[in-house]
Amino acid sequence: MADSRFFTFSGSKTLAEIITITETEVYGTLPTDITYNSCYSDVATLEGATGEQVAVLHNRKYLPSLDTTKAGIILVEPQFADRCPKTSVVLACQSPYRAYAQLSNAFYPEHDSFETGTLSTSPIHPSASIGPDCQIEHGVIIGEHAEIGTGCFIGANTVIGKGVKIGDHCRIAANVTITHAYIGNRVILHTGVRVGQAGFGFHMDKKGHVSVPQLGRVMIQDFVDVGANTTIDRGSGDDTIIGAGTRIDNLVMIGHNVQIGRGCVIVALVGISGSTTVGDYTAIGGQAGLAGHLNIGKGVQIAAQSGIMRDIEDGMIVGGSPALPAKQWHRQTVALQKLANQKGAL
């Protein structure tokens, strides 16, 4: 279930209600002991769902998860319905991600709230907890039930949303916004950093765009340094995670559900699309772009301006767009230069 510090749950739904909300129908027969009055408590991923939760298959890459999921209900296209476990209720439709979005909105109708919880006359909510030896500059807003550790510095005009937890000895510069996040110890967020905003999640078809509630969090571990005007979206279901000791430069975009390992170095203007995993001690050069749902191994080196469209194994050095192993990329560059220099080449 989504973290109650940040999201308000509207209550369980019966199977009959879910069918109405999602505009779907049961594929085949209901499992034993399941009726249209059976209740379901939440949405979840295929990998993490329990028998009381609803999951969706919206990307072929996750087809293997159908073999092991314990989801009580699965939203799926008809062509994949027979692959679902017999213990799950299968709701088949042509647009399962749209159906999932509609159901998530029903479970969490206030998921897009921007309130900080500061409904008192003070910019620091009375329920907020601030540790000793903190320095808080002019114009800071700290929301309801937020927690700030010992010895932190919070710069002018920074906004910390309700429920946010910040560890000890952190330095948060001016004009930072933090929502839906847990931040470790000795973390540095430079000017203009945005943490915890909704990720770019929606379903698009001829009926129009439907926003998919972003119900995860951002988890920033100890000793992370985040550069100015970098944005870190909260997860859509799973959390967005920044591993301990990672250094992130200015103007980096990190999408929802991204998981970055320990000790990584990410240079300015990098964009990492949703649900991509980056292994420990990987270095990503400036202006590189990573597609979504990829697995980047440990100790990888990615050259500047590379376009990453496939998984990368541990320890590889890659460059170019689409990215290739470094030696192959250099040979290709030399060959193109020779071709261009040939007599009569344009």
# chains A, B, ... in the order shown; residues from 1 in each chain; ligands from 1

call {"tool": "select_by_dssp", "arguments": {"residues": "segment 91-279 of chain A", "states": "strand (DSSP E)", "output": "VMD selection string"}}
result
chain A and resid 91 to 92 129 to 130 135 to 136 141 to 142 147 to 148 153 to 154 159 to 160 165 to 166 171 to 172 177 to 178 181 to 183 188 to 189 194 to 195 202 to 205 208 to 211 218 to 220 225 to 226 231 to 232 240 to 242 247 to 248 253 to 254 259 to 260 265 to 266 271 to 272 277 to 278

call {"tool": "residues_around", "arguments": {"residues": "Tyr27 of chain A", "least_positions_apart": "3", "cutoff": "7 Å", "atoms": "only C-alpha atoms", "output": "PyMOL selection string"}}
result
chain A and resi 90-92

call {"tool": "residues_around", "arguments": {"residues": "Ala304 of chain A", "least_positions_apart": "6", "cutoff": "9 Å", "atoms": "only C-alpha atoms", "output": "list of chain:residue names"}}
result
A:Val267, A:Val270, A:Ile284, A:Gly285, A:Gly286, A:Gln287, A:Ala288, A:Gly319, A:Gly320

call {"tool": "residues_around", "arguments": {"residues": "segment 69-74 of chain A", "least_positions_apart": "5", "cutoff": "6 Å", "atoms": "only C-alpha atoms", "output": "PyMOL selection string"}}
result
chain A and resi 46-47+49-56+88-90

call {"tool": "write_last_selection", "arguments": {"atoms": "N, CA and C atoms", "output": "CSV table (one decimal), in the first residue's frame"}}
result
chain,number,residue,atom,x,y,z
A,46,LEU,N,3.3,-6.4,-10.4
A,46,LEU,CA,3.2,-7.8,-10.6
A,46,LEU,C,4.1,-8.6,-9.6
A,47,GLU,N,5.3,-8.0,-9.4
A,47,GLU,CA,6.3,-8.7,-8.6
A,47,GLU,C,5.9,-8.6,-7.1
A,49,ALA,N,2.7,-7.8,-5.7
A,49,ALA,CA,1.3,-7.9,-5.3
A,49,ALA,C,1.0,-9.1,-4.5
A,50,THR,N,0.0,-9.0,-3.6
A,50,THR,CA,-0.5,-10.1,-2.8
A,50,THR,C,-1.9,-10.5,-3.4
A,51,GLY,N,-2.5,-11.5,-2.8
A,51,GLY,CA,-3.8,-11.9,-3.2
A,51,GLY,C,-4.9,-11.0,-3.0
A,52,GLU,N,-4.6,-9.9,-2.3
A,52,GLU,CA,-5.7,-8.9,-2.1
A,52,GLU,C,-5.4,-7.6,-2.9
A,53,GLN,N,-4.5,-7.7,-3.9
A,53,GLN,CA,-4.1,-6.5,-4.6
A,53,GLN,C,-4.3,-6.7,-6.1
A,54,VAL,N,-4.3,-5.6,-6.8
A,54,VAL,CA,-4.5,-5.6,-8.3
A,54,VAL,C,-3.3,-5.2,-9.0
A,55,ALA,N,-2.8,-5.9,-10.0
A,55,ALA,CA,-1.6,-5.6,-10.8
A,55,ALA,C,-2.0,-5.5,-12.2
A,56,VAL,N,-1.0,-5.0,-13.0
A,56,VAL,CA,-1.2,-4.8,-14.4
A,56,VAL,C,0.0,-5.3,-15.2
A,88,SER,N,-5.5,-16.2,-10.0
A,88,SER,CA,-5.8,-14.8,-10.1
A,88,SER,C,-7.1,-14.6,-10.9
A,89,VAL,N,-7.8,-13.5,-10.6
A,89,VAL,CA,-8.9,-13.1,-11.4
A,89,VAL,C,-8.3,-12.3,-12.6
A,90,VAL,N,-8.6,-12.7,-13.8
A,90,VAL,CA,-8.1,-12.0,-15.0
A,90,VAL,C,-9.1,-11.1,-15.6

call {"tool": "residues_around", "arguments": {"residues": "Gln301 of chain A", "least_positions_apart": "6", "cutoff": "12 Å", "atoms": "only C-alpha atoms", "output": "NGL selection string"}}
result
:A and (264-267 or 278-286 or 288 or 308 or 312-319 or 323-326)

call {"tool": "residues_around", "arguments": {"residues": "Gly149 of chain A", "least_positions_apart": "5", "cutoff": "10 Å", "atoms": "only C-alpha atoms", "output": "compact mmCIF listing (two decimals) with N, CA, C and O atoms, in the first residue's frame"}}
result
# COMPACT_ATOMS: atom_id res chain seq x y z
N SER A 129 8.67 18.19 13.24
CA SER A 129 9.71 17.93 14.24
C SER A 129 11.06 18.39 13.69
O SER A 129 11.48 17.95 12.62
N ILE A 130 11.72 19.27 14.43
CA ILE A 130 13.01 19.81 13.99
C ILE A 130 14.05 19.53 15.08
O ILE A 130 13.87 19.90 16.23
N GLY A 131 15.13 18.85 14.70
CA GLY A 131 16.16 18.48 15.66
C GLY A 131 16.97 19.66 16.13
O GLY A 131 16.87 20.78 15.61
N PRO A 132 17.83 19.43 17.12
CA PRO A 132 18.66 20.51 17.67
C PRO A 132 19.72 20.98 16.69
O PRO A 132 20.10 20.26 15.76
N ASP A 133 20.17 22.20 16.89
CA ASP A 133 21.29 22.79 16.13
C ASP A 133 21.00 22.93 14.64
O ASP A 133 21.93 22.89 13.81
N CYS A 134 19.74 23.10 14.28
CA CYS A 134 19.39 23.34 12.88
C CYS A 134 19.39 24.84 12.59
O CYS A 134 19.03 25.65 13.45
N LYS A 165 10.89 13.09 5.60
CA LYS A 165 11.88 12.83 6.65
C LYS A 165 13.27 13.15 6.12
O LYS A 165 13.66 12.67 5.06
N ILE A 166 14.02 13.97 6.88
CA ILE A 166 15.39 14.33 6.52
C ILE A 166 16.29 13.96 7.69
O ILE A 166 15.99 14.28 8.84
N GLY A 167 17.41 13.30 7.40
CA GLY A 167 18.31 12.83 8.44
C GLY A 167 19.17 13.92 9.04
O GLY A 167 18.89 15.12 8.93
N ASP A 168 20.26 13.52 9.67
CA ASP A 168 21.14 14.45 10.39
C ASP A 168 22.17 15.10 9.47
O ASP A 168 22.65 14.48 8.51
N HIS A 169 22.51 16.34 9.81
CA HIS A 169 23.63 17.07 9.19
C HIS A 169 23.48 17.17 7.67
O HIS A 169 24.48 17.05 6.93
N CYS A 170 22.26 17.38 7.22
CA CYS A 170 22.02 17.62 5.79
C CYS A 170 22.11 19.10 5.49
O CYS A 170 21.83 19.94 6.35
N ILE A 183 15.09 11.14 3.24
CA ILE A 183 16.46 11.54 2.93
C ILE A 183 17.37 11.16 4.08
O ILE A 183 17.05 11.41 5.25
N GLY A 184 18.51 10.56 3.76
CA GLY A 184 19.42 10.05 4.78
C GLY A 184 20.26 11.13 5.42
O GLY A 184 19.92 12.32 5.42
N ASN A 185 21.40 10.74 5.98
CA ASN A 185 22.29 11.63 6.71
C ASN A 185 23.35 12.24 5.79
O ASN A 185 23.80 11.62 4.83

call {"tool": "select_by_dssp", "arguments": {"residues": "segment 43-213 of chain A", "states": "alpha helix (DSSP H)", "output": "NGL selection string"}}
result
:A and (96-107)

call {"tool": "closest_residue", "arguments": {"among": "A:Arg171, A:His203, A:Lys61, A:His256", "to": "Pro96 of chain A", "atoms": "only C-alpha atoms"}}
result
A:His203

call {"tool": "closest_residue", "arguments": {"among": "A:Pro322, A:Gly255, A:Gly261, A:Pro126", "to": "Ile242 of chain A", "atoms": "only C-alpha atoms"}}
result
A:Gly261

call {"tool": "atom_distance", "arguments": {"atom1": "atom CA of Pro85 of chain A", "atom2": "atom CA of Gly235 of chain A"}}
result
26.7 Å

call {"tool": "closest_residue", "arguments": {"among": "A:Pro78, A:Pro123, A:Pro213, A:Gly163", "to": "Glu25 of chain A", "atoms": "only C-alpha atoms"}}
result
A:Pro78

call {"tool": "closest_residue", "arguments": {"among": "A:Gly199, A:Gly299, A:Gly227, A:Gly216", "to": "Leu269 of chain A", "atoms": "only C-alpha atoms"}}
result
A:Gly227

call {"tool": "residues_around", "arguments": {"residues": "Gly292 of chain A", "least_positions_apart": "6", "cutoff": "12 Å", "atoms": "only C-alpha atoms", "output": "PyMOL selection string"}}
result
chain A and resi 59+61+200+254-259+271-278+307-311

call {"tool": "write_last_selection", "arguments": {"atoms": "N, CA and C atoms", "output": "CSV table (one decimal), in the first residue's frame"}}
result
chain,number,residue,atom,x,y,z
A,59,ASN,N,3.7,-3.9,-20.2
A,59,ASN,CA,5.0,-3.9,-20.9
A,59,ASN,C,5.4,-5.4,-21.1
A,61,LYS,N,8.1,-6.7,-21.5
A,61,LYS,CA,9.3,-7.0,-20.8
A,61,LYS,C,9.0,-7.7,-19.5
A,200,PHE,N,6.4,11.3,-14.9
A,200,PHE,CA,5.8,11.5,-16.2
A,200,PHE,C,5.0,10.2,-16.6
A,254,ILE,N,16.0,12.5,-13.4
A,254,ILE,CA,15.9,11.1,-13.0
A,254,ILE,C,14.4,10.8,-12.9
A,255,GLY,N,13.9,9.8,-13.7
A,255,GLY,CA,12.5,9.5,-13.8
A,255,GLY,C,12.0,8.6,-12.7
A,256,HIS,N,10.7,8.3,-12.7
A,256,HIS,CA,10.1,7.5,-11.7
A,256,HIS,C,10.6,6.1,-11.7
A,257,ASN,N,10.7,5.5,-10.5
A,257,ASN,CA,11.1,4.1,-10.3
A,257,ASN,C,12.6,3.9,-10.6
A,258,VAL,N,13.3,4.9,-11.0
A,258,VAL,CA,14.8,4.6,-11.3
A,258,VAL,C,15.5,4.2,-10.0
A,259,GLN,N,16.4,3.3,-10.1
A,259,GLN,CA,17.2,2.9,-8.9
A,259,GLN,C,18.6,3.0,-9.3
A,271,GLY,N,19.8,12.3,-18.7
A,271,GLY,CA,18.4,12.0,-18.5
A,271,GLY,C,18.2,10.5,-18.4
A,272,ILE,N,17.6,10.0,-17.3
A,272,ILE,CA,17.4,8.6,-17.1
A,272,ILE,C,15.9,8.3,-17.0
A,273,SER,N,15.4,7.6,-18.0
A,273,SER,CA,14.0,7.3,-18.1
A,273,SER,C,13.5,6.3,-17.0
A,274,GLY,N,12.2,6.3,-16.8
A,274,GLY,CA,11.6,5.5,-15.7
A,274,GLY,C,11.9,4.0,-15.7
A,275,SER,N,12.0,3.5,-14.5
A,275,SER,CA,12.2,2.1,-14.2
A,275,SER,C,13.5,1.5,-14.7
A,276,THR,N,14.5,2.4,-14.9
A,276,THR,CA,15.9,1.9,-15.3
A,276,THR,C,16.7,1.7,-14.0
A,277,THR,N,17.5,0.7,-13.9
A,277,THR,CA,18.3,0.4,-12.8
A,277,THR,C,19.8,0.6,-13.2
A,278,VAL,N,20.5,1.4,-12.4
A,278,VAL,CA,21.9,1.7,-12.6
A,278,VAL,C,22.7,1.0,-11.5
A,307,GLY,N,23.6,7.5,-26.3
A,307,GLY,CA,22.2,7.1,-26.3
A,307,GLY,C,22.1,5.6,-25.9
A,308,ILE,N,21.5,5.3,-24.7
A,308,ILE,CA,21.5,3.9,-24.2
A,308,ILE,C,20.1,3.4,-24.4
A,309,MET,N,20.0,2.3,-25.2
A,309,MET,CA,18.8,1.7,-25.6
A,309,MET,C,18.6,0.3,-25.2
A,310,ARG,N,19.7,-0.3,-24.7
A,310,ARG,CA,19.8,-1.7,-24.3
A,310,ARG,C,20.4,-1.9,-23.0
A,311,ASP,N,20.2,-3.0,-22.3
A,311,ASP,CA,20.9,-3.4,-21.1
A,311,ASP,C,22.4,-3.4,-21.3

call {"tool": "atom_distance", "arguments": {"atom1": "atom CA of Glu137 of chain A", "atom2": "atom CA of Phe153 of chain A"}}
result
8.1 Å

call {"tool": "atom_distance", "arguments": {"atom1": "atom CA of Ile172 of chain A", "atom2": "atom CA of Asn229 of chain A"}}
result
12.5 Å

call {"tool": "decode", "arguments": {"residues": "segment 12-29 of chain A", "atoms": "N, CA, C and O atoms", "output": "PDB file, in the first residue's frame"}}
result
ATOM      1  N   SER A  12     -11.111  -0.159   0.408  1.00  0.00           N
ATOM      2  CA  SER A  12     -11.113  -1.333  -0.465  1.00  0.00           C
ATOM      3  C   SER A  12     -12.275  -1.302  -1.446  1.00  0.00           C
ATOM      4  O   SER A  12     -13.282  -0.623  -1.223  1.00  0.00           O
ATOM      5  N   LYS A  13     -12.128  -2.071  -2.519  1.00  0.00           N
ATOM      6  CA  LYS A  13     -13.160  -2.158  -3.553  1.00  0.00           C
ATOM      7  C   LYS A  13     -13.512  -3.623  -3.792  1.00  0.00           C
ATOM      8  O   LYS A  13     -12.649  -4.504  -3.731  1.00  0.00           O
ATOM      9  N   THR A  14     -14.780  -3.879  -4.081  1.00  0.00           N
ATOM     10  CA  THR A  14     -15.185  -5.229  -4.448  1.00  0.00           C
ATOM     11  C   THR A  14     -14.802  -5.507  -5.893  1.00  0.00           C
ATOM     12  O   THR A  14     -14.553  -4.576  -6.690  1.00  0.00           O
ATOM     13  N   LEU A  15     -14.779  -6.777  -6.244  1.00  0.00           N
ATOM     14  CA  LEU A  15     -14.511  -7.151  -7.633  1.00  0.00           C
ATOM     15  C   LEU A  15     -15.524  -6.502  -8.566  1.00  0.00           C
ATOM     16  O   LEU A  15     -15.158  -6.001  -9.635  1.00  0.00           O
ATOM     17  N   ALA A  16     -16.778  -6.479  -8.176  1.00  0.00           N
ATOM     18  CA  ALA A  16     -17.808  -5.850  -9.015  1.00  0.00           C
ATOM     19  C   ALA A  16     -17.512  -4.373  -9.226  1.00  0.00           C
ATOM     20  O   ALA A  16     -17.658  -3.846 -10.345  1.00  0.00           O
ATOM     21  N   GLU A  17     -17.100  -3.676  -8.164  1.00  0.00           N
ATOM     22  CA  GLU A  17     -16.761  -2.261  -8.287  1.00  0.00           C
ATOM     23  C   GLU A  17     -15.553  -2.059  -9.191  1.00  0.00           C
ATOM     24  O   GLU A  17     -15.518  -1.125 -10.018  1.00  0.00           O
ATOM     25  N   ILE A  18     -14.560  -2.926  -9.053  1.00  0.00           N
ATOM     26  CA  ILE A  18     -13.346  -2.805  -9.867  1.00  0.00           C
ATOM     27  C   ILE A  18     -13.667  -3.008 -11.340  1.00  0.00           C
ATOM     28  O   ILE A  18     -13.154  -2.291 -12.210  1.00  0.00           O
ATOM     29  N   ILE A  19     -14.537  -3.960 -11.644  1.00  0.00           N
ATOM     30  CA  ILE A  19     -14.932  -4.180 -13.040  1.00  0.00           C
ATOM     31  C   ILE A  19     -15.615  -2.943 -13.609  1.00  0.00           C
ATOM     32  O   ILE A  19     -15.361  -2.535 -14.748  1.00  0.00           O
ATOM     33  N   THR A  20     -16.453  -2.320 -12.804  1.00  0.00           N
ATOM     34  CA  THR A  20     -17.138  -1.103 -13.262  1.00  0.00           C
ATOM     35  C   THR A  20     -16.156   0.043 -13.466  1.00  0.00           C
ATOM     36  O   THR A  20     -16.189   0.745 -14.483  1.00  0.00           O
ATOM     37  N   ILE A  21     -15.250   0.233 -12.515  1.00  0.00           N
ATOM     38  CA  ILE A  21     -14.280   1.336 -12.591  1.00  0.00           C
ATOM     39  C   ILE A  21     -13.350   1.171 -13.793  1.00  0.00           C
ATOM     40  O   ILE A  21     -13.055   2.138 -14.508  1.00  0.00           O
ATOM     41  N   THR A  22     -12.900  -0.045 -14.029  1.00  0.00           N
ATOM     42  CA  THR A  22     -11.901  -0.296 -15.073  1.00  0.00           C
ATOM     43  C   THR A  22     -12.517  -0.567 -16.438  1.00  0.00           C
ATOM     44  O   THR A  22     -11.791  -0.646 -17.433  1.00  0.00           O
ATOM     45  N   GLU A  23     -13.837  -0.732 -16.476  1.00  0.00           N
ATOM     46  CA  GLU A  23     -14.534  -1.021 -17.737  1.00  0.00           C
ATOM     47  C   GLU A  23     -13.970  -2.279 -18.402  1.00  0.00           C
ATOM     48  O   GLU A  23     -13.682  -2.310 -19.594  1.00  0.00           O
ATOM     49  N   THR A  24     -13.807  -3.309 -17.578  1.00  0.00           N
ATOM     50  CA  THR A  24     -13.259  -4.576 -18.054  1.00  0.00           C
ATOM     51  C   THR A  24     -14.279  -5.687 -17.831  1.00  0.00           C
ATOM     52  O   THR A  24     -15.383  -5.459 -17.341  1.00  0.00           O
ATOM     53  N   GLU A  25     -13.882  -6.904 -18.172  1.00  0.00           N
ATOM     54  CA  GLU A  25     -14.720  -8.068 -17.905  1.00  0.00           C
ATOM     55  C   GLU A  25     -13.836  -9.243 -17.519  1.00  0.00           C
ATOM     56  O   GLU A  25     -12.638  -9.286 -17.855  1.00  0.00           O
ATOM     57  N   VAL A  26     -14.409 -10.196 -16.795  1.00  0.00           N
ATOM     58  CA  VAL A  26     -13.653 -11.361 -16.344  1.00  0.00           C
ATOM     59  C   VAL A  26     -13.350 -12.265 -17.534  1.00  0.00           C
ATOM     60  O   VAL A  26     -14.226 -12.570 -18.350  1.00  0.00           O
ATOM     61  N   TYR A  27     -12.092 -12.666 -17.631  1.00  0.00           N
ATOM     62  CA  TYR A  27     -11.677 -13.610 -18.663  1.00  0.00           C
ATOM     63  C   TYR A  27     -11.750 -15.015 -18.076  1.00  0.00           C
ATOM     64  O   TYR A  27     -11.142 -15.301 -17.041  1.00  0.00           O
ATOM     65  N   GLY A  28     -12.516 -15.892 -18.696  1.00  0.00           N
ATOM     66  CA  GLY A  28     -12.661 -17.254 -18.190  1.00  0.00           C
ATOM     67  C   GLY A  28     -13.564 -17.306 -16.975  1.00  0.00           C
ATOM     68  O   GLY A  28     -14.560 -16.577 -16.887  1.00  0.00           O
ATOM     69  N   THR A  29     -13.212 -18.137 -16.017  1.00  0.00           N
ATOM     70  CA  THR A  29     -14.018 -18.312 -14.810  1.00  0.00           C
ATOM     71  C   THR A  29     -13.279 -17.760 -13.594  1.00  0.00           C
ATOM     72  O   THR A  29     -12.050 -17.630 -13.590  1.00  0.00           O
TER      73      THR A  29
END
